[in-house]
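Taking it in order: structure first as C-alpha cells, then the write-up.
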Amino acid sequence: MAGCSDEPTRPRASIDEPIAPLGIEWLNPLPAAGRLNAIEHIGGNVAVAVGDDGLVLIRESGEWSVLPTPTGTDIEEIVGRDGQNFVVTARERFVGDELEIHGYIDHRWTEISTRSRLRPFSFSGLSHDDLWIEAFQVGAEYVGHYDGTGWSETATTTEWLDDFWSPGENTVYGTTSRRILYYDGEDWATAYDDTARVSRVVDLDGTAEGIAIGIANFDSSSAIIRMEGASFSIDTVGLPRSLNRILSAGDSEIWMIGSEEGESGKVLVQVSGSSKSIDTLSAIPDGSSITRLADGTIVGFWRHGLFSLKDGVYTEESRGTRTDFRTVIRWKDGILMSSFGDSLVYFNTETREVSRIGAGLGIGRWAILDEDRMFAVTSRGVGWLDDLGWRPDRIPDFPYPNDAWASGPDDIWLVGDGGNIYHYNGSDWKSHSGAWRVDLFAVAGFGPREVYAVGESGSILRFDGQTWSSMASPTEFNLYDIAVTESGEAIAVGEEGTILSLRHGTWKPVVSGTSTRLRRVGTDDNGDRYALGTEILLQSHLGVWSSQPVPRGTRDLCAEGPGDLILVGDSGMILRLH
C-alpha cells in the first residue's frame, strides 16, 4: 500500500507455515465505533447508548459492551424504565420514512412494529407494552399508543409537541411552545398556559400528579413547573440560565442538566424539596447528552465519544480522540493517523496513549523518506513532517496531488488528476506528465527504476527509470490503490471488487469474490496481501483469498508485522487484526 511502510516486504513465508484466523482486537476503550444518537438510564446502574448502523452499547458493572443489533438502520431513540428491558426506534435517514421499533425483552430482540411513512419526534413509555410515539405523517401530527399487541391512534393535536410523557393509564402530557397539553384517552386539552417556552416534561412519582417541567428562557432564566392536582407552581430561584434535560426524578428530588450563560460544559442541578444544589461539570463538553445511574454515576456521550463522571472523577470512555480517521502509517513506536481537515494523531500501540501533532493538516497519503522524516499529501498541498514539525512546500500548477511514494529523500513521486505526475530529485520538482489525461489515484514502486501509477478506467502507468509508459490493463474499472513487493510483484485494487496482480510484466485479474469497492491494499512481512473495502477485508495467503467483515467506516490499513494489521476509521476507530 502506498505509504504504509518504509520497509520492503520480506520473502514469502514457507508453504508449511499455518495461517492463524483473523481476529479483531479493539485498541480503544470502547468495543465499537460509530456515531451515537441517544443514551438512556434503563434501571439500576445500567445505561444503553444507541447510534448509527444499528449500534447498541450497554454499560453494566462499569464496562461498556456491544449488544447484537436488531437492525442495520440508524437507531435514533431509546426508552426503558423497567430494569434491563428497553425499546429502540430506527429509521433510514434521507432514504425513506419507514419507522422500525424493536424491543429488547428478557435479553432477546423482538420487532414490535413497523409504521410506514412516519417521521418520529418523541418516544415515551413505561414498558415494552405501554409505548407512546409522536410523529409526523402526511401533513399532520400523529400520536399513537402500543399496548403490546398493536397500535391505536389518538386524536391529533393542534400544535407540534416539543416533548411528551406518559405516566400510564392512557394518559399523556405534552409540551408545546407555550402550553402543556393533557390527553385523557379521548381528547386533548390545555393543562397549563403561559408566555414562556416549555421544553421538557417528566413525571415525579409515577402518577399523573407531580409533573416537573424544565422551561428554557423564562425571564432570562430557567424554571421548574410543578403540578399538584390541577394547580401549577413556578420556581425560578437558584437555577441556571438554561435547563435542557431532566435526567431523573423521584418522590422528593429532581436531577437536571443545564448550562450557565457564557460557560462551556454543563451544570448538574439537584432539587430536593425546596433546596437546590448546582455542580459544574466542566469536564463534560458542551452539547453532550447525559443520564444519571442509581449509584450517582453520570454517563453520557458527546458526538462520537462516551464518558462517565463519578465522585468528581471524569473518565473518557471513548477512543481517546473523536477524529474520523482516514489514513494510517507505521511511524517510530506506533502509528500515525489523520483525517482531512483535522489534526494529525499519533497512537502508541504499546501504551495506547494518544497525542496530537499539529492541526489542520488534513493529510491524505504518505511517503516515508527515512526513520525520522516523511513526505505527505494534504488537503492544502504537500510538505515534510519531521521532529521539527510540519514544513509546507509548493509545486507550480499542482496544488492537490492524490498520492505520494518515495524510495528516499531525493526520489519522491506525486500523482494526481488529469494525469499529472511530478518528481522531486532532492532539490527541484519536475513535471513528468505525458499524453494521458486520466486521473491518477495512487503510486507505488520498488526502487527508482520501478514505479507504477494507477487510476481512472483501469489505467496503469510504469516508470522504468527513464520514461513513463502505459501498460495493458485487463479492466476498465477505476483502480484506487497499488502496492509493490520486494520481488517486484504488484497488486492493485479498485471498483467492483477489482483485484489485479502483476507477475513477470503482465497484469492479470484475480477473483475477489466481492463486488464492493476496494479502496486500500497492503502487504505484511509474510508477503500476505490485504484489500479493504466497505465492511469487508480480503486476505491472500499463499495465493488463496479469503474474507471477513470489518466495522462500517473502516478507512485504511497498515501492516504492523507478520499477520498483524492495524485498521483505522470513523469515530476514532483503531483495530488490530491478527
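Identifiers in the C-alpha cells: chain A, B, ... in order shown; residue index from 1 per chain; ligand index from 1 in order shown.
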For this session: Name all residues at most 8 Å from A:Tyr173 (count only C-alpha atoms; drop same-chain ones fewer than 2 positions away) and give them as a list in words.
Result: Phe164, Trp165, Ser166, Thr171, Thr175, Ile180, Leu181, Tyr182, Tyr183 and Val201 of chain A
Write the residues you've just listed into a file as a PDB file, in the first residue's frame, and include N, CA, C and O atoms for each of them.
```
ATOM      1  N   PHE A 164     -43.109  14.951  25.268  1.00  0.00           N
ATOM      2  CA  PHE A 164     -44.294  14.443  25.941  1.00  0.00           C
ATOM      3  C   PHE A 164     -43.907  13.300  26.857  1.00  0.00           C
ATOM      4  O   PHE A 164     -42.819  12.741  26.761  1.00  0.00           O
ATOM      5  N   TRP A 165     -44.805  12.984  27.781  1.00  0.00           N
ATOM      6  CA  TRP A 165     -44.539  11.975  28.790  1.00  0.00           C
ATOM      7  C   TRP A 165     -45.818  11.233  29.117  1.00  0.00           C
ATOM      8  O   TRP A 165     -46.881  11.822  29.248  1.00  0.00           O
ATOM      9  N   SER A 166     -45.685   9.906  29.249  1.00  0.00           N
ATOM     10  CA  SER A 166     -46.839   9.094  29.613  1.00  0.00           C
ATOM     11  C   SER A 166     -46.608   8.451  30.965  1.00  0.00           C
ATOM     12  O   SER A 166     -45.692   7.629  31.107  1.00  0.00           O
ATOM     13  N   THR A 171     -52.730   8.011  29.610  1.00  0.00           N
ATOM     14  CA  THR A 171     -52.580   9.430  29.887  1.00  0.00           C
ATOM     15  C   THR A 171     -51.297   9.939  29.254  1.00  0.00           C
ATOM     16  O   THR A 171     -50.260   9.281  29.337  1.00  0.00           O
ATOM     17  N   THR A 175     -45.766  18.999  25.752  1.00  0.00           N
ATOM     18  CA  THR A 175     -45.405  20.409  25.815  1.00  0.00           C
ATOM     19  C   THR A 175     -45.354  20.981  24.415  1.00  0.00           C
ATOM     20  O   THR A 175     -44.936  20.326  23.461  1.00  0.00           O
ATOM     21  N   ILE A 180     -48.856  23.407  28.111  1.00  0.00           N
ATOM     22  CA  ILE A 180     -48.796  21.997  28.476  1.00  0.00           C
ATOM     23  C   ILE A 180     -50.155  21.400  28.136  1.00  0.00           C
ATOM     24  O   ILE A 180     -51.196  21.878  28.603  1.00  0.00           O
ATOM     25  N   LEU A 181     -50.135  20.386  27.309  1.00  0.00           N
ATOM     26  CA  LEU A 181     -51.366  19.723  26.902  1.00  0.00           C
ATOM     27  C   LEU A 181     -51.540  18.420  27.675  1.00  0.00           C
ATOM     28  O   LEU A 181     -50.575  17.796  28.102  1.00  0.00           O
ATOM     29  N   TYR A 182     -52.793  18.014  27.808  1.00  0.00           N
ATOM     30  CA  TYR A 182     -53.129  16.812  28.552  1.00  0.00           C
ATOM     31  C   TYR A 182     -54.083  15.963  27.723  1.00  0.00           C
ATOM     32  O   TYR A 182     -55.069  16.476  27.172  1.00  0.00           O
ATOM     33  N   TYR A 183     -53.778  14.673  27.592  1.00  0.00           N
ATOM     34  CA  TYR A 183     -54.646  13.755  26.872  1.00  0.00           C
ATOM     35  C   TYR A 183     -55.167  12.709  27.844  1.00  0.00           C
ATOM     36  O   TYR A 183     -54.391  12.022  28.523  1.00  0.00           O
ATOM     37  N   VAL A 201     -40.665  17.602  29.875  1.00  0.00           N
ATOM     38  CA  VAL A 201     -41.668  17.175  30.835  1.00  0.00           C
ATOM     39  C   VAL A 201     -41.283  15.802  31.371  1.00  0.00           C
ATOM     40  O   VAL A 201     -40.777  14.952  30.648  1.00  0.00           O
TER      41      VAL A 201
END
```
For this session: Can you list, as a count of residues only, all residues belonging to stretch 23-91 of chain A that DSSP tags as strand (DSSP E)?
Result: 41
Exercise. Out of A:Trp331, A:Arg59, A:Leu502, A:Ala435, which residue has the shortest atom-to-atom distance to A:Leu385 when counting only C-alpha atoms?
Worked result: A:Trp331
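Between A:Arg394 and the candidates A:Gly312, A:Pro509, A:Gly381, A:Gly364, the tightest atom-to-atom separation, counting only C-alpha atoms, involves A:Gly381.
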For this session: For A:Leu565, please output as JSON, numbers by chain all residues within 9 Å (counting only C-alpha atoms; exclusion window: fewer than 3 positions along the same chain).
Result: {"A": [524, 557, 558, 559, 560, 561, 562, 575, 576, 577, 578]}
Could the residues in this selection be written to a file with N, CA, C and O atoms, as a PDB file, in the first residue's frame?
```pdb
ATOM      1  N   ASP A 524       1.960  -7.625   4.280  1.00  0.00           N
ATOM      2  CA  ASP A 524       2.665  -7.704   5.547  1.00  0.00           C
ATOM      3  C   ASP A 524       4.031  -8.367   5.332  1.00  0.00           C
ATOM      4  O   ASP A 524       4.425  -8.658   4.197  1.00  0.00           O
ATOM      5  N   LEU A 557      -5.577   0.735   6.214  1.00  0.00           N
ATOM      6  CA  LEU A 557      -4.907  -0.342   6.900  1.00  0.00           C
ATOM      7  C   LEU A 557      -3.409  -0.217   6.737  1.00  0.00           C
ATOM      8  O   LEU A 557      -2.912   0.418   5.803  1.00  0.00           O
ATOM      9  N   CYS A 558      -2.679  -0.825   7.672  1.00  0.00           N
ATOM     10  CA  CYS A 558      -1.219  -0.794   7.631  1.00  0.00           C
ATOM     11  C   CYS A 558      -0.701  -1.986   8.410  1.00  0.00           C
ATOM     12  O   CYS A 558      -1.189  -2.288   9.498  1.00  0.00           O
ATOM     13  N   ALA A 559       0.296  -2.690   7.853  1.00  0.00           N
ATOM     14  CA  ALA A 559       0.850  -3.880   8.490  1.00  0.00           C
ATOM     15  C   ALA A 559       1.790  -3.489   9.616  1.00  0.00           C
ATOM     16  O   ALA A 559       2.679  -2.666   9.437  1.00  0.00           O
ATOM     17  N   GLU A 560       1.578  -4.092  10.796  1.00  0.00           N
ATOM     18  CA  GLU A 560       2.489  -3.923  11.917  1.00  0.00           C
ATOM     19  C   GLU A 560       3.588  -4.970  11.892  1.00  0.00           C
ATOM     20  O   GLU A 560       4.708  -4.743  12.318  1.00  0.00           O
ATOM     21  N   GLY A 561       3.268  -6.161  11.406  1.00  0.00           N
ATOM     22  CA  GLY A 561       4.211  -7.265  11.346  1.00  0.00           C
ATOM     23  C   GLY A 561       3.560  -8.441  10.661  1.00  0.00           C
ATOM     24  O   GLY A 561       2.460  -8.319  10.118  1.00  0.00           O
ATOM     25  N   PRO A 562       4.187  -9.613  10.667  1.00  0.00           N
ATOM     26  CA  PRO A 562       3.593 -10.784  10.023  1.00  0.00           C
ATOM     27  C   PRO A 562       2.225 -11.125  10.598  1.00  0.00           C
ATOM     28  O   PRO A 562       2.094 -11.379  11.796  1.00  0.00           O
ATOM     29  N   LEU A 575      -8.264  -0.563  15.176  1.00  0.00           N
ATOM     30  CA  LEU A 575      -8.384  -2.007  15.327  1.00  0.00           C
ATOM     31  C   LEU A 575      -7.037  -2.666  15.053  1.00  0.00           C
ATOM     32  O   LEU A 575      -6.254  -2.170  14.255  1.00  0.00           O
ATOM     33  N   ARG A 576      -6.807  -3.787  15.702  1.00  0.00           N
ATOM     34  CA  ARG A 576      -5.678  -4.648  15.337  1.00  0.00           C
ATOM     35  C   ARG A 576      -6.250  -6.009  14.962  1.00  0.00           C
ATOM     36  O   ARG A 576      -7.033  -6.596  15.711  1.00  0.00           O
ATOM     37  N   LEU A 577      -5.862  -6.500  13.797  1.00  0.00           N
ATOM     38  CA  LEU A 577      -6.275  -7.822  13.358  1.00  0.00           C
ATOM     39  C   LEU A 577      -5.061  -8.723  13.300  1.00  0.00           C
ATOM     40  O   LEU A 577      -4.028  -8.350  12.743  1.00  0.00           O
ATOM     41  N   HIS A 578      -5.186  -9.906  13.888  1.00  0.00           N
ATOM     42  CA  HIS A 578      -4.053 -10.815  13.935  1.00  0.00           C
ATOM     43  C   HIS A 578      -4.552 -12.245  13.936  1.00  0.00           C
ATOM     44  O   HIS A 578      -5.735 -12.506  14.134  1.00  0.00           O
TER      45      HIS A 578
END
```
Using only C-alpha atoms, I'd like a table of the residues in stretch 330-399 of chain A that come within 10 Å of stretch 429-433 of chain A; for each, show the closest atom pair and its distance in Å rounded to one decimal, ordered by chain and ascending number, as CSV.
```
residue,atom,partner,partner_atom,distance
A:Arg394,CA,A:Trp429,CA,9.4
A:Ile395,CA,A:Trp429,CA,7.0
A:Pro396,CA,A:Trp429,CA,8.6
A:Asp397,CA,A:Ser431,CA,9.7
A:Phe398,CA,A:Ser431,CA,9.4
```
